[in-house]
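What follows is one structure encoded as C-alpha cells, with my remarks underneath.
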Amino acid sequence: MSTHAATEAPVKQAPAHQKLPPGPRLPRFLQTIAFILAGPRFLEACRRRYGGAVTLGTLFDDKFVMLFDPALVKELFQGPHDQLRAGEANALLGPVLGQRSVLLLDGSEHLRHRKLMLPHLHGQRMQAYAQTIQEATDREIDSWPLGEPFALLPTMQSLTLQVIMRAVFGYEPGAESDELRSRLRAMVEPLSRPRGLPLMMLLGRLGSDRRGAAQQFDARRREVDEILFGEIARRRAEPDLAERDDVFSALLVAEDEDGNRLTDQEVRDELVTLLLAGHETTATGLAWTFDLVLHSPEVLAKARVEGDEYLDAVVKEALRIRPVIPGVGRVVRGEPFRLNGYVIPPGVEINPSIRMIHRRPDVYPDPAAFRPERFLSEDAPDTYTWVPFGGGTRRCLGASFALMEMRIVLARVLERVALRAADPERERVQFRAITLSPRNGTRVIQQSPPASA
C-alpha cells in the first residue's frame with residue numbers, strides 16, 4: 001500500500017459506548033517490564049491485537065494512550081493546542097531546560113516564544129551556517145585515528161557542539177568557547193548515559209533536599225548559568241547587538257507584537273533548549289546515519305556520487321529506521337478529547353509512537369530495509385507517517401537546521417574519508433535518558449588518510 005493511501009484510509013470507528021481505547025490487562029509492573037525488555041515487540045503485539053490506539057499503564061504513568069495509526073496522529077496534531085498540552089507532557093525536562101523553555105510552555109506563551117525563535121532557524125539565516133558546519137566537520141575528521149576502531153558518536157557530539165557554539169552562541173573557536181563547551185558537556189553528559197532517565201526523574205521530584213548525582217547536576221548547571229547570565233548582561237550593553245548573526249544575539253533583541261522582549265531567564269532557557277535539541281539529538285542521528293550507510297554498500301556507493309537530493313533521502317530514511325526520540329506526548333486538559341470515537345479524559349497523556357509508526361509495513365513495505373528511495377518517490381512519506389520531529393504546532397523548531405546539518409556532515413565525510421564499519425552487524429539500540437542511541441557509539445575504521453580539506 002502506498003504511503004498516501006495509508007494516510008487517507010478511514011479509521012475504524014470505536015463503539016459509541018466505549019471511552020478509552022482498549023489495552024492489555026496486565027498489571028502495571030508487568031507492562032513496565034515489557035516496555036524495558038521488549039519495547040518494540042510488545043508495542044507491535046499491542047497494535048496487532050487492539051488497533052491504532054491502545055491504553056497502557058506503567059509504574060511511571062498509570063494510564064496513557066499510545067497511537068500507532070497515522071490517521072489518528074493527524075487528528076491529534078490538528079487538535080486544539082490549548083486543550084492538548086505538549087509542554088506539560090515535557091515536564092520531565094524542566095529541571096534541565098528551565099521552566100520558560102519553548103518545550104515546556106503551552107498555549108499563547110508557547111506560540112509567543114515559537115514566533116520569536118523560528119525566523120532565526122530557517123531560510124537564509126540557516127544557510128549562512130553551512131560553512132560553519134563544514135569547517136567543524138573538517139576539524140573532527142582531522143582528529144580521527146587511522147586504521148583502528150573508534151566510536152563516531154562522541155566525535156559527532158563534539159562536532160554538533162562546535163556548530164551550536166558558533167551558530168547559536170556566536171563564539172569563534174578559542175578560550176571562551178572551550179570553557180563554555182566544557183561546562184555544557186559536564187552538565188549534559190550524565191543525562192545522556194543509559195541511566196540518565198532515572199536521574200532526570202529524580203531531579204523533577206526532589207526539592208531542595210538533594211543528594212549525590214542530583215546535587216552534582218545542580219552544581220554543574222549553576223556553572224553553565226554563571227557564564228550564560230554573565231554573557232546575557234554583557235551583550236545587552238553592546239551597541240551592535242542587532243547586527244550580529246548568531247541566534248543568542250537575535251533572541252536578545254527579538255520583540256513580540258506588543259514590543260516585549262524575552263527576559264534574561266527566558267533567553268537562558270531557550271539557549272539551553274537549543275543546545276540540547278540541536279546538539280545531543282543531531283549527533284545521535286548522525287551516528288545512526290553512518291551506521292546504516294556503512295552497512296549498506298549500495299547506498300554508500302550512491303551517496304558518494306549522488307547530489308543533495310539523495311543525501312536528504314538518506315538522512316530521512318535513517319531517521320525513519322532509527323528515530324532519535326521514540327515518541328511525543330500531549331496531555332489532555334479542560335474538556336475530554338474525542339479521538340476516533342474514543343473519549344480521552346483530562347489528565348491522560350496521548351503518545352504517538354514515532355518508532356512504531358515508522359515500522360508499519362502497510363506504510364513502509366519491508367520496514368527494516370534501509371531504502372532512501374522511499375523519500376524520492378511520488379508518494380513519499382508525509383508529515384503524519386514520518387514524524388521524527390513531532391508535528392503540528394509543536395514540530396521541532398530546529399528540524400530544518402538538523403536535516404541540513406546532517407546532510408552537510410554526511411557529504412563532507414564521504415568526500416574526504418574512506419570509512420568502514422568496525423562491526424559486521426548494525427548497532428543495537430540503547431535507551432539513554434530520552435534518546436534511542438547506538439549501543440556501542442557506531443564503531444568505524446578510517447581506511448586511508450583523509451583527503452585534503
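Residues in the C-alpha cells are named by chain (A, B, ... in the order shown) and by number from 1 within that chain; ligands are numbered from 1 in the order shown.
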Pick out the residues sitting within 12 Å of segment 115-124 of chain A, and hand them over as a ChimeraX atom specification; count only C-alpha atoms, and ignore anything fewer than 4 positions along from it in its own chain. /A:101-102,108-111,128-130,164,167-168,244-257,259-262,266-267,270-271,273-274,278,393-405
So how many Å separate atom CA of Leu72 of chain A and atom CA of Asn351 of chain A, to one decimal? 10.7 Å
Residue with smallest distance to Tyr310 of chain A - pool A:Arg330, A:Arg360, A:Arg374, A:Arg220, counting only C-alpha atoms: A:Arg374
Could you list, as a CSV table (one decimal) with all heavy atoms, in the first residue's frame, every residue within 12 Å of Phe375 of chain A, counting only C-alpha atoms and ignoring same-chain residues fewer than 2 positions away?
chain,number,residue,atom,x,y,z
A,3,THR,N,2.1,5.1,0.8
A,3,THR,CA,2.0,6.0,1.9
A,3,THR,C,0.8,6.8,1.9
A,3,THR,O,0.1,7.0,2.9
A,3,THR,CB,3.3,6.9,2.0
A,3,THR,OG1,4.4,6.0,2.0
A,3,THR,CG2,3.2,7.8,3.2
A,309,GLU,N,19.8,15.9,-3.1
A,309,GLU,CA,18.5,15.3,-3.0
A,309,GLU,C,18.6,13.8,-2.5
A,309,GLU,O,17.8,13.4,-1.6
A,309,GLU,CB,17.8,15.3,-4.4
A,309,GLU,CG,16.4,14.7,-4.3
A,309,GLU,CD,15.7,14.8,-5.7
A,309,GLU,OE1,16.4,14.9,-6.7
A,309,GLU,OE2,14.5,14.6,-5.7
A,310,TYR,N,19.6,13.1,-3.0
A,310,TYR,CA,19.7,11.7,-2.5
A,310,TYR,C,20.2,11.7,-1.0
A,310,TYR,O,19.8,10.9,-0.2
A,310,TYR,CB,20.7,10.9,-3.4
A,310,TYR,CG,20.8,9.4,-3.0
A,310,TYR,CD1,19.7,8.6,-3.3
A,310,TYR,CD2,21.9,8.9,-2.3
A,310,TYR,CE1,19.8,7.2,-3.0
A,310,TYR,CE2,21.9,7.6,-1.9
A,310,TYR,CZ,20.9,6.8,-2.3
A,310,TYR,OH,20.9,5.4,-1.9
A,311,LEU,N,21.2,12.6,-0.7
A,311,LEU,CA,21.7,12.6,0.7
A,311,LEU,C,20.5,13.0,1.6
A,311,LEU,O,20.5,12.5,2.8
A,311,LEU,CB,22.8,13.6,0.8
A,311,LEU,CG,24.1,13.2,0.0
A,311,LEU,CD1,25.2,14.3,0.1
A,311,LEU,CD2,24.6,11.9,0.5
A,312,ASP,N,19.7,13.9,1.2
A,312,ASP,CA,18.5,14.2,2.0
A,312,ASP,C,17.7,13.0,2.3
A,312,ASP,O,17.2,12.7,3.4
A,312,ASP,CB,17.6,15.3,1.4
A,312,ASP,CG,18.1,16.7,1.6
A,312,ASP,OD1,18.7,16.9,2.7
A,312,ASP,OD2,17.9,17.6,0.8
A,313,ALA,N,17.5,12.2,1.3
A,313,ALA,CA,16.7,11.0,1.4
A,313,ALA,C,17.4,10.0,2.3
A,313,ALA,O,16.7,9.3,3.1
A,313,ALA,CB,16.4,10.4,0.0
A,314,VAL,N,18.7,9.9,2.2
A,314,VAL,CA,19.5,9.0,3.1
A,314,VAL,C,19.2,9.4,4.6
A,314,VAL,O,19.0,8.6,5.4
A,314,VAL,CB,21.0,9.1,2.8
A,314,VAL,CG1,21.8,8.4,3.9
A,314,VAL,CG2,21.2,8.4,1.4
A,315,VAL,N,19.3,10.7,4.9
A,315,VAL,CA,19.2,11.2,6.2
A,315,VAL,C,17.7,10.9,6.7
A,315,VAL,O,17.5,10.4,7.8
A,315,VAL,CB,19.5,12.7,6.3
A,315,VAL,CG1,19.0,13.3,7.6
A,315,VAL,CG2,21.0,12.9,6.1
A,316,LYS,N,16.7,11.2,5.9
A,316,LYS,CA,15.4,11.0,6.3
A,316,LYS,C,15.1,9.5,6.5
A,316,LYS,O,14.3,9.1,7.5
A,316,LYS,CB,14.4,11.5,5.2
A,316,LYS,CG,14.4,13.1,5.2
A,316,LYS,CD,13.6,13.6,4.1
A,316,LYS,CE,13.6,15.1,4.1
A,316,LYS,NZ,12.8,15.7,3.0
A,317,GLU,N,15.6,8.6,5.7
A,317,GLU,CA,15.4,7.2,5.8
A,317,GLU,C,16.1,6.7,7.1
A,317,GLU,O,15.6,5.8,7.8
A,317,GLU,CB,15.9,6.4,4.6
A,317,GLU,CG,15.8,4.9,4.7
A,317,GLU,CD,14.4,4.3,4.7
A,317,GLU,OE1,13.5,5.0,4.9
A,317,GLU,OE2,14.4,3.1,4.5
A,318,ALA,N,17.3,7.3,7.4
A,318,ALA,CA,17.9,6.9,8.7
A,318,ALA,C,17.1,7.3,9.9
A,318,ALA,O,17.0,6.5,10.8
A,318,ALA,CB,19.3,7.6,8.7
A,319,LEU,N,16.5,8.5,9.8
A,319,LEU,CA,15.7,8.9,10.9
A,319,LEU,C,14.4,8.1,11.0
A,319,LEU,O,13.7,8.1,12.1
A,319,LEU,CB,15.4,10.4,10.8
A,319,LEU,CG,16.6,11.3,11.0
A,319,LEU,CD1,16.2,12.8,10.8
A,319,LEU,CD2,17.1,11.2,12.5
A,320,ARG,N,14.0,7.5,9.9
A,320,ARG,CA,12.8,6.7,9.9
A,320,ARG,C,13.1,5.4,10.7
A,320,ARG,O,12.4,5.0,11.6
A,320,ARG,CB,12.3,6.3,8.5
A,320,ARG,CG,11.1,5.4,8.5
A,320,ARG,CD,10.8,4.8,7.2
A,320,ARG,NE,11.8,3.8,6.7
A,320,ARG,CZ,11.8,2.5,7.1
A,320,ARG,NH1,10.9,2.1,8.0
A,320,ARG,NH2,12.7,1.7,6.7
A,364,TYR,N,5.3,1.4,5.1
A,364,TYR,CA,6.7,1.2,4.6
A,364,TYR,C,7.0,-0.3,4.3
A,364,TYR,O,7.4,-1.0,5.3
A,364,TYR,CB,7.7,1.7,5.7
A,364,TYR,CG,7.6,3.1,6.0
A,364,TYR,CD1,6.9,3.6,7.1
A,364,TYR,CD2,8.2,4.1,5.2
A,364,TYR,CE1,6.8,4.9,7.4
A,364,TYR,CE2,8.1,5.4,5.5
A,364,TYR,CZ,7.4,5.9,6.6
A,364,TYR,OH,7.4,7.2,6.9
A,370,PHE,N,16.8,-0.6,4.6
A,370,PHE,CA,17.3,0.8,4.5
A,370,PHE,C,17.2,1.2,3.1
A,370,PHE,O,18.1,0.9,2.3
A,370,PHE,CB,18.7,0.9,5.0
A,370,PHE,CG,19.3,2.3,5.1
A,370,PHE,CD1,18.6,3.3,5.6
A,370,PHE,CD2,20.6,2.5,4.5
A,370,PHE,CE1,19.2,4.6,5.7
A,370,PHE,CE2,21.1,3.8,4.5
A,370,PHE,CZ,20.4,4.8,5.1
A,371,ARG,N,16.2,1.9,2.7
A,371,ARG,CA,15.9,2.3,1.3
A,371,ARG,C,15.6,3.8,1.2
A,371,ARG,O,14.4,4.3,1.3
A,371,ARG,CB,14.7,1.6,0.8
A,371,ARG,CG,14.9,0.0,0.7
A,371,ARG,CD,13.6,-0.6,0.2
A,371,ARG,NE,13.7,-2.1,0.2
A,371,ARG,CZ,12.7,-2.9,0.1
A,371,ARG,NH1,11.5,-2.4,0.0
A,371,ARG,NH2,12.9,-4.2,0.0
A,372,PRO,N,16.6,4.6,1.0
A,372,PRO,CA,16.4,6.1,0.8
A,372,PRO,C,15.4,6.4,-0.3
A,372,PRO,O,14.8,7.5,-0.3
A,372,PRO,CB,17.8,6.6,0.5
A,372,PRO,CG,18.7,5.6,1.1
A,372,PRO,CD,18.0,4.3,0.9
A,373,GLU,N,15.3,5.5,-1.3
A,373,GLU,CA,14.4,5.8,-2.4
A,373,GLU,C,13.0,6.0,-2.0
A,373,GLU,O,12.2,6.6,-2.8
A,373,GLU,CB,14.5,4.6,-3.4
A,373,GLU,CG,15.8,4.6,-4.2
A,373,GLU,CD,17.0,4.0,-3.4
A,373,GLU,OE1,16.7,3.4,-2.3
A,373,GLU,OE2,18.1,4.2,-3.8
A,377,SER,N,10.1,9.0,-4.2
A,377,SER,CA,9.0,8.6,-5.0
A,377,SER,C,7.9,9.7,-4.9
A,377,SER,O,7.9,10.6,-4.1
A,377,SER,CB,8.5,7.3,-4.5
A,377,SER,OG,8.0,7.3,-3.2
A,378,GLU,N,6.9,9.5,-5.8
A,378,GLU,CA,5.8,10.5,-5.8
A,378,GLU,C,4.9,10.4,-4.6
A,378,GLU,O,4.3,11.4,-4.2
A,378,GLU,CB,4.9,10.2,-7.1
A,378,GLU,CG,5.6,10.5,-8.4
A,378,GLU,CD,4.7,10.4,-9.6
A,378,GLU,OE1,3.5,9.9,-9.4
A,378,GLU,OE2,5.1,10.6,-10.7
A,379,ASP,N,4.8,9.2,-4.0
A,379,ASP,CA,4.1,9.1,-2.8
A,379,ASP,C,5.0,9.0,-1.5
A,379,ASP,O,4.8,8.1,-0.7
A,379,ASP,CB,3.1,7.9,-2.8
A,379,ASP,CG,3.9,6.6,-2.9
A,379,ASP,OD1,5.1,6.6,-3.3
A,379,ASP,OD2,3.2,5.5,-2.7
A,380,ALA,N,6.0,9.8,-1.5
A,380,ALA,CA,6.9,9.9,-0.4
A,380,ALA,C,6.2,10.1,1.0
A,380,ALA,O,5.1,10.6,1.0
A,380,ALA,CB,7.9,11.0,-0.6
A,381,PRO,N,6.7,9.6,2.1
A,381,PRO,CA,6.1,9.8,3.4
A,381,PRO,C,5.7,11.2,3.7
A,381,PRO,O,6.4,12.1,3.3
A,381,PRO,CB,7.2,9.3,4.3
A,381,PRO,CG,7.9,8.3,3.5
A,381,PRO,CD,8.0,8.8,2.1
A,382,ASP,N,4.6,11.4,4.4
A,382,ASP,CA,4.1,12.7,4.7
A,382,ASP,C,4.3,13.1,6.1
A,382,ASP,O,5.0,12.3,6.9
A,382,ASP,CB,2.7,12.9,4.2
A,382,ASP,CG,1.7,12.0,5.0
A,382,ASP,OD1,2.1,11.5,6.1
A,382,ASP,OD2,0.6,11.8,4.6
A,385,THR,N,3.1,10.2,8.6
A,385,THR,CA,3.7,8.9,8.5
A,385,THR,C,5.2,9.0,8.8
A,385,THR,O,5.8,7.9,9.1
A,385,THR,CB,3.5,8.2,7.2
A,385,THR,OG1,4.0,9.1,6.1
A,385,THR,CG2,2.0,8.0,6.9
A,386,TRP,N,5.8,10.1,8.7
A,386,TRP,CA,7.2,10.3,9.0
A,386,TRP,C,7.3,11.5,10.0
A,386,TRP,O,7.1,12.6,9.7
A,386,TRP,CB,8.0,10.7,7.8
A,386,TRP,CG,9.5,10.8,8.0
A,386,TRP,CD1,10.4,9.8,8.2
A,386,TRP,CD2,10.3,12.0,8.1
A,386,TRP,NE1,11.7,10.3,8.3
A,386,TRP,CE2,11.6,11.7,8.3
A,386,TRP,CE3,10.0,13.4,7.9
A,386,TRP,CZ2,12.7,12.6,8.4
A,386,TRP,CZ3,11.0,14.3,8.1
A,386,TRP,CH2,12.3,13.9,8.3
Near-Gly51 of chain A list (10 Å; only C-alpha atoms; drop same-chain fewer than 6 positions) as a PDB file with all heavy atoms, in the first residue's frame:
ATOM      1  N   VAL A  11     -10.358   5.310   9.384  1.00  0.00           N
ATOM      2  CA  VAL A  11     -10.047   4.559  10.589  1.00  0.00           C
ATOM      3  C   VAL A  11     -11.332   3.968  11.133  1.00  0.00           C
ATOM      4  O   VAL A  11     -12.361   4.635  11.192  1.00  0.00           O
ATOM      5  CB  VAL A  11      -9.408   5.486  11.649  1.00  0.00           C
ATOM      6  CG1 VAL A  11      -9.065   4.696  12.890  1.00  0.00           C
ATOM      7  CG2 VAL A  11      -8.188   6.165  11.074  1.00  0.00           C
ATOM      8  N   LYS A  12     -11.252   2.715  11.536  1.00  0.00           N
ATOM      9  CA  LYS A  12     -12.434   2.038  12.070  1.00  0.00           C
ATOM     10  C   LYS A  12     -12.929   2.737  13.323  1.00  0.00           C
ATOM     11  O   LYS A  12     -12.167   2.997  14.257  1.00  0.00           O
ATOM     12  CB  LYS A  12     -12.077   0.584  12.389  1.00  0.00           C
ATOM     13  CG  LYS A  12     -13.262  -0.237  12.858  1.00  0.00           C
ATOM     14  CD  LYS A  12     -12.831  -1.677  13.118  1.00  0.00           C
ATOM     15  CE  LYS A  12     -14.018  -2.492  13.627  1.00  0.00           C
ATOM     16  NZ  LYS A  12     -13.610  -3.895  13.929  1.00  0.00           N
ATOM     17  N   PRO A  21      -9.521   3.826  24.648  1.00  0.00           N
ATOM     18  CA  PRO A  21      -9.219   2.705  23.755  1.00  0.00           C
ATOM     19  C   PRO A  21      -8.914   1.443  24.559  1.00  0.00           C
ATOM     20  O   PRO A  21      -8.549   1.512  25.738  1.00  0.00           O
ATOM     21  CB  PRO A  21      -7.969   3.182  23.000  1.00  0.00           C
ATOM     22  CG  PRO A  21      -7.976   4.669  23.124  1.00  0.00           C
ATOM     23  CD  PRO A  21      -8.598   4.953  24.450  1.00  0.00           C
ATOM     24  N   PRO A  22      -9.041   0.274  23.938  1.00  0.00           N
ATOM     25  CA  PRO A  22      -8.720  -0.975  24.648  1.00  0.00           C
ATOM     26  C   PRO A  22      -7.225  -1.088  24.888  1.00  0.00           C
ATOM     27  O   PRO A  22      -6.421  -0.350  24.307  1.00  0.00           O
ATOM     28  CB  PRO A  22      -9.209  -2.054  23.678  1.00  0.00           C
ATOM     29  CG  PRO A  22      -9.102  -1.408  22.329  1.00  0.00           C
ATOM     30  CD  PRO A  22      -9.436   0.041  22.551  1.00  0.00           C
ATOM     31  N   GLY A  23      -6.851  -2.037  25.731  1.00  0.00           N
ATOM     32  CA  GLY A  23      -5.435  -2.255  26.011  1.00  0.00           C
ATOM     33  C   GLY A  23      -5.240  -3.486  26.856  1.00  0.00           C
ATOM     34  O   GLY A  23      -6.201  -4.087  27.346  1.00  0.00           O
ATOM     35  N   GLU A  44       4.244  -3.675  19.167  1.00  0.00           N
ATOM     36  CA  GLU A  44       3.699  -4.232  17.932  1.00  0.00           C
ATOM     37  C   GLU A  44       2.614  -5.266  18.234  1.00  0.00           C
ATOM     38  O   GLU A  44       1.586  -5.309  17.552  1.00  0.00           O
ATOM     39  CB  GLU A  44       4.822  -4.867  17.105  1.00  0.00           C
ATOM     40  CG  GLU A  44       4.370  -5.539  15.817  1.00  0.00           C
ATOM     41  CD  GLU A  44       3.709  -4.590  14.828  1.00  0.00           C
ATOM     42  OE1 GLU A  44       3.845  -3.353  14.982  1.00  0.00           O
ATOM     43  OE2 GLU A  44       3.049  -5.080  13.897  1.00  0.00           O
ATOM     44  N   ALA A  45       2.817  -6.056  19.286  1.00  0.00           N
ATOM     45  CA  ALA A  45       1.790  -7.027  19.687  1.00  0.00           C
ATOM     46  C   ALA A  45       0.521  -6.298  20.126  1.00  0.00           C
ATOM     47  O   ALA A  45      -0.600  -6.724  19.798  1.00  0.00           O
ATOM     48  CB  ALA A  45       2.320  -7.910  20.813  1.00  0.00           C
ATOM     49  N   LEU A  67      -0.609   5.949  20.314  1.00  0.00           N
ATOM     50  CA  LEU A  67      -1.152   5.920  18.957  1.00  0.00           C
ATOM     51  C   LEU A  67      -0.158   5.288  17.998  1.00  0.00           C
ATOM     52  O   LEU A  67       1.030   5.612  18.020  1.00  0.00           O
ATOM     53  CB  LEU A  67      -1.477   7.339  18.480  1.00  0.00           C
ATOM     54  CG  LEU A  67      -2.443   8.169  19.333  1.00  0.00           C
ATOM     55  CD1 LEU A  67      -2.714   9.510  18.662  1.00  0.00           C
ATOM     56  CD2 LEU A  67      -3.743   7.421  19.588  1.00  0.00           C
ATOM     57  N   PHE A  68      -0.681   4.412  17.126  1.00  0.00           N
ATOM     58  CA  PHE A  68       0.132   3.746  16.119  1.00  0.00           C
ATOM     59  C   PHE A  68      -0.366   4.014  14.700  1.00  0.00           C
ATOM     60  O   PHE A  68       0.236   3.528  13.749  1.00  0.00           O
ATOM     61  CB  PHE A  68       0.137   2.233  16.360  1.00  0.00           C
ATOM     62  CG  PHE A  68       0.516   1.827  17.751  1.00  0.00           C
ATOM     63  CD1 PHE A  68      -0.371   1.130  18.560  1.00  0.00           C
ATOM     64  CD2 PHE A  68       1.770   2.142  18.259  1.00  0.00           C
ATOM     65  CE1 PHE A  68      -0.023   0.754  19.839  1.00  0.00           C
ATOM     66  CE2 PHE A  68       2.132   1.764  19.543  1.00  0.00           C
ATOM     67  CZ  PHE A  68       1.232   1.070  20.340  1.00  0.00           C
ATOM     68  N   ASP A  69      -1.454   4.718  14.571  1.00  0.00           N
ATOM     69  CA  ASP A  69      -2.090   4.926  13.268  1.00  0.00           C
ATOM     70  C   ASP A  69      -1.877   6.361  12.794  1.00  0.00           C
ATOM     71  O   ASP A  69      -2.217   7.310  13.511  1.00  0.00           O
ATOM     72  CB  ASP A  69      -3.587   4.629  13.373  1.00  0.00           C
ATOM     73  CG  ASP A  69      -4.260   4.545  12.020  1.00  0.00           C
ATOM     74  OD1 ASP A  69      -4.165   5.510  11.251  1.00  0.00           O
ATOM     75  OD2 ASP A  69      -4.877   3.503  11.727  1.00  0.00           O
TER      76      ASP A  69
END
In Å, rounded to a single decimal, give me how far atom CA of Leu275 of chain A is from atom CA of Leu92 of chain A.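 Atom CA of Leu275 of chain A lies at a distance of 16.9 Å from atom CA of Leu92 of chain A.
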Any idea what the distance is between atom CA of Leu153 of chain A and atom CA of Gly441 of chain A?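 Interatomic distance, atom CA of Leu153 of chain A to atom CA of Gly441 of chain A: 4.8 Å.
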DSSP-assigned strand (DSSP E or B) members of segment 316-406 of chain A, reported as a list in words: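 Of segment 316-406 of chain A, the ones in strand (DSSP E or B) are Gly327, Arg330, Val331, Val332, Phe337, Arg338, Leu339, Tyr342, Val343, Ile344, Glu349, Ile350, Asn351, Pro352 and Ser353 of chain A.
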Of the listed residues A:Leu286, A:Ile350, A:Val363, A:Leu376, that which approaches Leu76 of chain A most closely, counting only C-alpha atoms: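 Of A:Leu286, A:Ile350, A:Val363, A:Leu376, the one nearest Leu76 of chain A is A:Ile350, counting only C-alpha atoms.
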With segment 188-193 of chain A as the partner and 12 Å as the cut-off, tabulate the residues of segment 258-285 of chain A that qualify, each row holding the nearest pair of atoms and their distance in Å to one decimal, using only C-alpha atoms, sorted by chain and rising number, as CSV.
residue,atom,partner,partner_atom,distance
A:Val272,CA,A:Val188,CA,10.2
A:Thr273,CA,A:Val188,CA,11.6
A:Leu275,CA,A:Val188,CA,9.7
A:Leu276,CA,A:Val188,CA,8.0
A:Ala277,CA,A:Val188,CA,11.6
A:His279,CA,A:Val188,CA,10.2
A:Glu280,CA,A:Ser192,CA,8.1
A:Thr281,CA,A:Ser192,CA,10.1
A:Ala283,CA,A:Ser192,CA,11.7
A:Thr284,CA,A:Ser192,CA,10.5
Near segment 55-60 of chain A, counting only C-alpha atoms, which residues have an atom at most 7 Å away, once you skip same-chain residues fewer than 3 positions from it, shown as a list in words? Leu20, Pro21, Pro22, Gly23, Pro24, Arg28, Phe29, Gln31, Thr32, Lys63, Phe64, Val65 and Met66 of chain A
Mind checking which residues fall within 7 Å of segment 145-152 of chain A, counting only C-alpha atoms, ignoring those fewer than 5 positions away in the same chain, and posting them as a PDB file with C-alpha atoms, in the first residue's frame?
ATOM      1  CA  ALA A 287      25.808   8.271  14.365  1.00  0.00           C
ATOM      2  CA  ALA A 422      34.149  -1.935  12.587  1.00  0.00           C
ATOM      3  CA  GLY A 441      28.530   4.508  19.666  1.00  0.00           C
ATOM      4  CA  THR A 442      28.825   3.377  15.983  1.00  0.00           C
ATOM      5  CA  ARG A 443      32.356   1.988  15.784  1.00  0.00           C
ATOM      6  CA  VAL A 444      34.156   2.656  12.493  1.00  0.00           C
ATOM      7  CA  ILE A 445      37.631   2.379  10.972  1.00  0.00           C
ATOM      8  CA  GLN A 446      39.284   5.014   8.786  1.00  0.00           C
ATOM      9  CA  GLN A 447      40.961   3.086   5.988  1.00  0.00           C
ATOM     10  CA  SER A 448      43.212   5.749   4.448  1.00  0.00           C
ATOM     11  CA  PRO A 449      44.409   9.276   5.326  1.00  0.00           C
TER      12      PRO A 449
END
At a cut-off of 9 Å, using only C-alpha atoms, what residues contact Leu180 of chain A? Leave out same-chain residues fewer than 2 positions from it and give the result as a CSV table (one decimal) with all heavy atoms, in the first residue's frame.
chain,number,residue,atom,x,y,z
A,165,MET,N,27.9,26.2,19.2
A,165,MET,CA,28.7,27.3,19.8
A,165,MET,C,28.8,28.5,18.8
A,165,MET,O,28.8,29.6,19.2
A,165,MET,CB,30.1,26.8,20.2
A,165,MET,CG,30.1,25.8,21.3
A,165,MET,SD,29.3,26.4,22.8
A,165,MET,CE,30.3,27.7,23.2
A,175,ALA,N,39.4,30.3,23.8
A,175,ALA,CA,39.3,30.0,25.2
A,175,ALA,C,37.9,30.1,25.8
A,175,ALA,O,37.4,29.3,26.5
A,175,ALA,CB,40.2,30.9,26.0
A,176,GLU,N,37.1,31.2,25.4
A,176,GLU,CA,35.8,31.4,25.8
A,176,GLU,C,34.9,30.2,25.4
A,176,GLU,O,34.1,29.7,26.2
A,176,GLU,CB,35.2,32.7,25.3
A,176,GLU,CG,35.5,33.9,26.1
A,176,GLU,CD,34.7,35.2,25.6
A,176,GLU,OE1,34.4,35.2,24.4
A,176,GLU,OE2,34.4,36.0,26.4
A,177,SER,N,35.0,29.9,24.1
A,177,SER,CA,34.2,28.8,23.6
A,177,SER,C,34.5,27.5,24.2
A,177,SER,O,33.6,26.7,24.6
A,177,SER,CB,34.5,28.7,22.0
A,177,SER,OG,33.8,27.6,21.5
A,178,ASP,N,35.8,27.2,24.5
A,178,ASP,CA,36.2,26.0,25.1
A,178,ASP,C,35.7,25.9,26.5
A,178,ASP,O,35.3,24.8,26.9
A,178,ASP,CB,37.8,25.9,25.1
A,178,ASP,CG,38.3,25.7,23.7
A,178,ASP,OD1,37.6,25.3,22.8
A,178,ASP,OD2,39.6,25.9,23.5
A,182,SER,N,33.1,23.0,27.7
A,182,SER,CA,33.4,22.1,28.7
A,182,SER,C,32.3,22.0,29.8
A,182,SER,O,32.0,21.0,30.3
A,182,SER,CB,34.8,22.5,29.4
A,182,SER,OG,35.1,21.7,30.5
A,183,ARG,N,31.8,23.2,30.2
A,183,ARG,CA,30.8,23.2,31.2
A,183,ARG,C,29.5,22.6,30.7
A,183,ARG,O,28.8,21.9,31.5
A,183,ARG,CB,30.6,24.6,31.7
A,183,ARG,CG,31.8,25.2,32.4
A,183,ARG,CD,31.4,26.6,33.1
A,183,ARG,NE,32.6,27.2,33.6
A,183,ARG,CZ,32.5,28.3,34.4
A,183,ARG,NH1,31.4,28.8,34.8
A,183,ARG,NH2,33.7,28.9,34.8
A,184,LEU,N,29.1,22.9,29.5
A,184,LEU,CA,27.9,22.3,28.9
A,184,LEU,C,28.0,20.8,28.8
A,184,LEU,O,27.0,20.1,29.2
A,184,LEU,CB,27.7,22.9,27.5
A,184,LEU,CG,27.2,24.4,27.4
A,184,LEU,CD1,27.3,24.9,26.0
A,184,LEU,CD2,25.8,24.5,28.0
A,185,ARG,N,29.1,20.3,28.4
A,185,ARG,CA,29.3,18.8,28.3
A,185,ARG,C,29.2,18.2,29.7
A,185,ARG,O,28.7,17.1,29.9
A,185,ARG,CB,30.6,18.4,27.6
A,185,ARG,CG,30.5,18.5,26.1
A,185,ARG,CD,29.4,17.7,25.4
A,185,ARG,NE,29.3,16.3,25.8
A,185,ARG,CZ,28.3,15.5,25.6
A,185,ARG,NH1,27.2,16.0,25.0
A,185,ARG,NH2,28.3,14.3,26.0
A,224,VAL,N,27.2,26.5,34.3
A,224,VAL,CA,26.7,26.9,33.0
A,224,VAL,C,26.0,28.3,33.1
A,224,VAL,O,26.2,29.2,32.3
A,224,VAL,CB,25.8,25.8,32.3
A,224,VAL,CG1,25.2,26.4,31.1
A,224,VAL,CG2,26.6,24.6,32.0
A,227,ILE,N,28.1,31.5,33.3
A,227,ILE,CA,28.6,32.0,32.0
A,227,ILE,C,27.4,32.6,31.2
A,227,ILE,O,27.5,33.8,30.7
A,227,ILE,CB,29.2,30.9,31.2
A,227,ILE,CG1,30.6,30.5,31.9
A,227,ILE,CG2,29.5,31.4,29.8
A,227,ILE,CD1,31.3,29.4,31.1
A,228,LEU,N,26.3,31.9,31.1
A,228,LEU,CA,25.2,32.4,30.3
A,228,LEU,C,24.6,33.7,30.8
A,228,LEU,O,24.4,34.7,30.0
A,228,LEU,CB,24.1,31.4,30.2
A,228,LEU,CG,24.4,30.1,29.5
A,228,LEU,CD1,23.2,29.1,29.4
A,228,LEU,CD2,24.9,30.4,28.1
DSSP says helix (DSSP H, G or I) for which residues of segment 143-377 of chain A? Put them as a ChimeraX atom specification? /A:143,152-167,175-192,196-205,212-236,241-243,247-253,264-294,297-305,308-321,354-357,372-376
